[in-house]
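**Student:** One structure, pasted below without further comment.
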Amino acid sequence: MRNASVIETHALEYSYSKEAKALADINLKVNQGHIYGFLGPNGSGKTTTLRLLLGLLKPQRGRIEVFGQELQTNRQNILKRIGSLIEAPSLYGHLTARENLEVYRPLYGTSRERLEEVLKLVGLAQTGRKTFKQFSLGMKQRLAVALALMPRPDLLILDEPTNGLDPSGIIELRELIRQLNREEGLTILVSSHILSEVEKMVTHLGIIFQGKMQFQGPIQELYKVQQHSSRLLVHTSDNEAAFRALYHYRPMRMGDTLSIAIKDLRETAEIGRMLFQQDLDVYLLQPKVHDLEQLFIDLTTTPTLTPSHA
Ligand code: ATP
């Protein structure tokens, strides 16, 4: 069932101290087959949320359901089905990729075949005698992912996996995450503080700032918010007459131009027509789409304005 719920949190709260809440009213929703990007600047509460989901912190308020079961009462069953990379695992510098995984194999009770399979999946099957300390950062990160994949999880949780990687390492990891979702049917929750690093791979996004969700929904929903926050720049032979004609669009004066919030291109055409009807010469009629990165910055610098979408 593709739409089955994999993670649901209900009014989750957490405080490390009496003075400040690290998380408030977090209602995370991740369904089967999603690649969910959990985004927010440093210190916004991502790791705290992920630690709660993995049972590494005890919830103080709210509920967590994973695979449709309460985490508190089904901890063992649930955790068996999750692979995670939340802190760098202990991998040995003097061992090869295969030898490193072999160290953990008895612990996970996995077969040799699965070990070979995960090495292939992460593209490290052909690294031969090369030891971990000779690996690039990207290769090291992929070996850590391989380790998380050993027990054949249904859900993979990755905390800032692209941190410190160079652009090609980021692209390789992004490809790997998409491939795991496509070929292994894995549901993936991946956190990051850089929108552009996850934008191209996620199906859904949750944006958190100061412990509160600012946005949650399919990535297309964010593009819609982006469209809605577009503006139209207008410059005519008589801007004061244009200002009066367009009054109900609530134009703002910006030097030589008027700036108008528009919902879609249809409104651009409508405004164009109104200006021509006023016999004004139109020098500029330019839609200015809000850059996605700017939207992310807006959402994560001012406390919540946009309700989160389910
Ligand atoms: P980063 O990417 O920097 O880890 P984050 O989004 O994962 O950021 P958290 O690590 O969850 O954010 O931190 C959320 C808030 O809780 C921050 O204000 C942080 O200072 C605080 N915090 C995190 N861990 C602890 C701790 N062990 N003790 C006290 N405060 C903590």
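Ligands are numbered from 1 in the order shown, chains are lettered A, B, ... in the order of the structure tokens, and residues start at 1 in each chain.
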Using only C-alpha atoms and all ligand atoms, find each protein or nucleic acid residue lying at most 9 Å from ligand 1; present the set as a PyMOL selection string.

**Tutor:** chain A and resi 14-17+20-23+39-51+159-160+191-193+208-211

**Student:** I want to know what sits within 7 Å of A:Gly37, based on only C-alpha atoms, with residues of the same chain fewer than 5 positions away left out; could you give that as a PDB file with N, CA and C atoms, in the first residue's frame?

**Tutor:**
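Here's the written file around-v5.pdb:
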```
ATOM      1  N   LEU A 189      13.630   9.531   4.962  1.00  0.00           N
ATOM      2  CA  LEU A 189      13.535  10.840   5.622  1.00  0.00           C
ATOM      3  C   LEU A 189      14.951  11.378   5.687  1.00  0.00           C
ATOM      4  N   VAL A 190      15.168  12.515   5.036  1.00  0.00           N
ATOM      5  CA  VAL A 190      16.522  13.043   4.957  1.00  0.00           C
ATOM      6  C   VAL A 190      16.522  14.507   5.403  1.00  0.00           C
ATOM      7  N   SER A 191      17.397  14.843   6.355  1.00  0.00           N
ATOM      8  CA  SER A 191      17.411  16.230   6.814  1.00  0.00           C
ATOM      9  C   SER A 191      18.547  17.001   6.141  1.00  0.00           C
ATOM     10  N   VAL A 198      18.488  19.263  -1.518  1.00  0.00           N
ATOM     11  CA  VAL A 198      17.484  18.199  -1.473  1.00  0.00           C
ATOM     12  C   VAL A 198      16.320  18.420  -2.428  1.00  0.00           C
ATOM     13  N   VAL A 202      13.555  15.197  -3.405  1.00  0.00           N
ATOM     14  CA  VAL A 202      12.475  14.873  -2.482  1.00  0.00           C
ATOM     15  C   VAL A 202      11.106  14.919  -3.154  1.00  0.00           C
ATOM     16  N   HIS A 204       8.427  15.185  -0.866  1.00  0.00           N
ATOM     17  CA  HIS A 204       7.725  15.977   0.148  1.00  0.00           C
ATOM     18  C   HIS A 204       8.731  16.737   0.993  1.00  0.00           C
ATOM     19  N   LEU A 205       8.240  17.807   1.587  1.00  0.00           N
ATOM     20  CA  LEU A 205       9.127  18.643   2.396  1.00  0.00           C
ATOM     21  C   LEU A 205       8.478  19.025   3.715  1.00  0.00           C
ATOM     22  N   GLY A 206       9.280  19.083   4.747  1.00  0.00           N
ATOM     23  CA  GLY A 206       8.854  19.693   5.994  1.00  0.00           C
ATOM     24  C   GLY A 206       9.892  20.756   6.319  1.00  0.00           C
TER      25      GLY A 206
END
```

**Student:** So that I can see what lies close to A:His248, please list as a short mmCIF file (atom, residue, chain, number, x, y, z; two decimals) with N, CA, C and O atoms, in the first residue's frame the residues with an atom at most 12 Å from it, counting only C-alpha atoms and leaving out residues fewer than 6 positions away in the same chain.

**Tutor:**
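Written out: part03.cif:
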```cif
data_model
loop_
_atom_site.label_atom_id
_atom_site.label_comp_id
_atom_site.auth_asym_id
_atom_site.auth_seq_id
_atom_site.Cartn_x
_atom_site.Cartn_y
_atom_site.Cartn_z
N ALA A 242 -1.64 54.81 -13.01
CA ALA A 242 -1.60 53.34 -12.94
C ALA A 242 -1.90 52.89 -11.50
O ALA A 242 -2.65 51.94 -11.28
N ILE A 260 3.45 44.67 -7.56
CA ILE A 260 2.11 44.15 -7.22
C ILE A 260 2.21 42.64 -6.98
O ILE A 260 2.78 41.91 -7.80
N ALA A 261 1.64 42.18 -5.86
CA ALA A 261 1.62 40.74 -5.59
C ALA A 261 0.61 40.11 -6.52
O ALA A 261 -0.54 40.56 -6.61
N ILE A 262 1.04 39.06 -7.26
CA ILE A 262 0.10 38.40 -8.19
C ILE A 262 0.04 36.90 -7.90
O ILE A 262 1.00 36.32 -7.40
N ILE A 271 -3.93 42.82 -15.62
CA ILE A 271 -3.34 44.13 -15.27
C ILE A 271 -2.90 44.86 -16.54
O ILE A 271 -3.14 46.06 -16.71
N MET A 274 -5.89 46.37 -18.17
CA MET A 274 -6.38 47.56 -17.44
C MET A 274 -5.53 48.78 -17.76
O MET A 274 -6.04 49.89 -17.93
#
```

**Student:** Please give the complete set of residues from stretch 51-258 of chain A that DSSP, run on the backbone, assigns to alpha helix (DSSP H), formatted as a PyMOL selection string.

**Tutor:** chain A and resi 51-53+75-79+97-108+112-121+137-149+167-183+195-199+219-228+239-245

**Student:** Keeping only C-alpha atoms, take the residues you just selected and write them out as a short mmCIF file (atom, residue, chain, number, x, y, z; two decimals), in the first residue's frame.

**Tutor:**
```
data_model
loop_
_atom_site.label_atom_id
_atom_site.label_comp_id
_atom_site.auth_asym_id
_atom_site.auth_seq_id
_atom_site.Cartn_x
_atom_site.Cartn_y
_atom_site.Cartn_z
CA ARG A 51 16.42 11.34 17.80
CA LEU A 52 12.85 11.17 19.13
CA LEU A 53 11.79 9.09 16.10
CA ARG A 75 9.98 0.05 20.14
CA GLN A 76 11.83 -3.17 19.25
CA ASN A 77 9.57 -4.14 16.34
CA ILE A 78 9.73 -0.65 14.88
CA LEU A 79 13.45 -0.03 15.27
CA ALA A 97 34.64 -1.39 2.65
CA ARG A 98 33.87 -5.13 2.69
CA GLU A 99 35.89 -5.75 5.89
CA ASN A 100 34.16 -2.88 7.67
CA LEU A 101 30.71 -4.27 6.87
CA GLU A 102 31.91 -7.75 7.83
CA VAL A 103 32.62 -6.42 11.36
CA TYR A 104 28.94 -5.48 11.74
CA ARG A 105 27.43 -8.47 9.90
CA PRO A 106 27.07 -10.79 12.95
CA LEU A 107 25.55 -7.93 14.94
CA TYR A 108 22.80 -7.46 12.36
CA ARG A 112 27.07 -12.48 3.03
CA GLU A 113 24.78 -12.05 0.00
CA ARG A 114 23.11 -9.01 1.59
CA LEU A 115 26.52 -7.56 2.36
CA GLU A 116 27.54 -7.90 -1.30
CA GLU A 117 24.17 -6.51 -2.37
CA VAL A 118 24.49 -3.34 -0.28
CA LEU A 119 28.08 -2.80 -1.43
CA LYS A 120 26.82 -2.91 -5.03
CA LEU A 121 23.88 -0.63 -4.22
CA LEU A 137 34.28 11.82 1.99
CA GLY A 138 31.52 10.82 -0.45
CA MET A 139 32.69 7.17 -0.43
CA LYS A 140 32.85 7.22 3.38
CA GLN A 141 29.32 8.54 3.54
CA ARG A 142 28.11 5.88 1.10
CA LEU A 143 29.70 3.15 3.21
CA ALA A 144 27.86 4.53 6.24
CA VAL A 145 24.63 4.31 4.21
CA ALA A 146 25.52 0.73 3.24
CA LEU A 147 25.80 -0.12 6.92
CA ALA A 148 22.36 1.35 7.59
CA LEU A 149 20.98 -0.75 4.71
CA PRO A 167 29.30 18.94 -5.37
CA SER A 168 30.01 15.60 -7.04
CA GLY A 169 29.66 13.79 -3.69
CA ILE A 170 26.29 15.51 -3.20
CA ILE A 171 25.10 14.46 -6.66
CA GLU A 172 26.21 10.83 -6.06
CA LEU A 173 24.41 10.68 -2.73
CA ARG A 174 21.29 12.27 -4.22
CA GLU A 175 21.31 9.65 -7.00
CA LEU A 176 21.78 6.88 -4.44
CA ILE A 177 18.83 8.08 -2.35
CA ARG A 178 16.58 8.17 -5.42
CA GLN A 179 17.77 4.76 -6.51
CA LEU A 180 17.10 3.25 -3.06
CA ASN A 181 13.61 4.71 -3.11
CA ARG A 182 12.93 3.44 -6.63
CA GLU A 183 14.58 0.04 -6.57
CA LEU A 195 17.14 23.54 0.18
CA SER A 196 18.96 23.26 -3.15
CA GLU A 197 20.73 20.10 -1.96
CA VAL A 198 17.48 18.20 -1.47
CA GLU A 199 15.04 20.02 -3.73
CA ILE A 219 7.25 19.83 -3.08
CA GLN A 220 4.71 21.02 -5.69
CA GLU A 221 2.84 22.77 -2.86
CA LEU A 222 5.96 24.76 -2.09
CA TYR A 223 6.23 25.72 -5.76
CA LYS A 224 2.61 26.95 -5.51
CA VAL A 225 3.46 29.05 -2.44
CA GLN A 226 6.40 30.32 -4.49
CA GLN A 227 4.07 31.27 -7.38
CA HIS A 228 1.71 32.97 -4.95
CA ASN A 239 2.57 55.69 -12.57
CA GLU A 240 0.16 57.68 -10.40
CA ALA A 241 -2.70 56.99 -12.83
CA ALA A 242 -1.60 53.34 -12.94
CA PHE A 243 -1.54 53.28 -9.13
CA ARG A 244 -5.17 54.49 -9.04
CA ALA A 245 -6.30 52.10 -11.76
#
```

**Student:** Which distance in Å separates atom CA of A:Phe38 and atom CA of A:Leu156, to one decimal?

**Tutor:**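 Going from atom CA of A:Phe38 over to atom CA of A:Leu156, I get 12.9 Å.
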
**Student:** Running DSSP on the backbone, which parts of stretch 42-251 of chain A land in strand (DSSP E), as number ranges by chain?

**Tutor:** A: 61-66, 69-70, 82-85, 155-158, 187-192, 204-209, 212-218, 230-236

**Student:** Keeping C-alpha atoms for every residue in the selection just given, could you write it to a file as a PDB file, in the first residue's frame?

**Tutor:**
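Here's the written file out.pdb:
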```
ATOM      1  CA  ARG A  61       4.662  15.465  25.169  1.00  0.00           C
ATOM      2  CA  GLY A  62       2.806  14.210  22.108  1.00  0.00           C
ATOM      3  CA  ARG A  63       2.769  10.880  20.318  1.00  0.00           C
ATOM      4  CA  ILE A  64       4.916   9.140  17.736  1.00  0.00           C
ATOM      5  CA  GLU A  65       3.573   6.445  15.425  1.00  0.00           C
ATOM      6  CA  VAL A  66       5.848   4.574  13.076  1.00  0.00           C
ATOM      7  CA  GLN A  69       2.223   1.560  15.727  1.00  0.00           C
ATOM      8  CA  GLU A  70       2.967   3.570  18.860  1.00  0.00           C
ATOM      9  CA  ILE A  82      14.557   1.433  10.419  1.00  0.00           C
ATOM     10  CA  GLY A  83      18.023   2.064   9.034  1.00  0.00           C
ATOM     11  CA  SER A  84      19.565   5.308  10.223  1.00  0.00           C
ATOM     12  CA  LEU A  85      22.547   7.512   9.844  1.00  0.00           C
ATOM     13  CA  LEU A 155      12.525   3.234   6.388  1.00  0.00           C
ATOM     14  CA  LEU A 156      15.836   5.047   6.115  1.00  0.00           C
ATOM     15  CA  ILE A 157      16.538   8.122   8.251  1.00  0.00           C
ATOM     16  CA  LEU A 158      19.540  10.236   7.264  1.00  0.00           C
ATOM     17  CA  THR A 187      10.739   5.364   2.379  1.00  0.00           C
ATOM     18  CA  ILE A 188      13.396   7.957   3.171  1.00  0.00           C
ATOM     19  CA  LEU A 189      13.535  10.840   5.622  1.00  0.00           C
ATOM     20  CA  VAL A 190      16.522  13.043   4.957  1.00  0.00           C
ATOM     21  CA  SER A 191      17.411  16.230   6.814  1.00  0.00           C
ATOM     22  CA  SER A 192      19.367  19.158   5.465  1.00  0.00           C
ATOM     23  CA  HIS A 204       7.725  15.977   0.148  1.00  0.00           C
ATOM     24  CA  LEU A 205       9.127  18.643   2.396  1.00  0.00           C
ATOM     25  CA  GLY A 206       8.854  19.693   5.994  1.00  0.00           C
ATOM     26  CA  ILE A 207      10.393  23.042   6.873  1.00  0.00           C
ATOM     27  CA  ILE A 208      11.148  23.671  10.528  1.00  0.00           C
ATOM     28  CA  PHE A 209      12.300  26.871  12.210  1.00  0.00           C
ATOM     29  CA  LYS A 212       7.977  24.853  14.748  1.00  0.00           C
ATOM     30  CA  MET A 213       6.859  23.557  11.366  1.00  0.00           C
ATOM     31  CA  GLN A 214       6.597  26.354   8.840  1.00  0.00           C
ATOM     32  CA  PHE A 215       5.527  24.245   5.892  1.00  0.00           C
ATOM     33  CA  GLN A 216       4.711  20.622   5.206  1.00  0.00           C
ATOM     34  CA  GLY A 217       3.495  19.062   2.007  1.00  0.00           C
ATOM     35  CA  PRO A 218       4.422  17.837  -1.467  1.00  0.00           C
ATOM     36  CA  SER A 230       5.393  36.308  -7.095  1.00  0.00           C
ATOM     37  CA  ARG A 231       5.240  39.996  -7.881  1.00  0.00           C
ATOM     38  CA  LEU A 232       4.658  42.001 -11.019  1.00  0.00           C
ATOM     39  CA  LEU A 233       6.782  45.065 -11.717  1.00  0.00           C
ATOM     40  CA  VAL A 234       4.967  47.812 -13.614  1.00  0.00           C
ATOM     41  CA  HIS A 235       6.316  51.041 -15.067  1.00  0.00           C
ATOM     42  CA  THR A 236       4.133  53.295 -17.214  1.00  0.00           C
TER      43      THR A 236
END
```
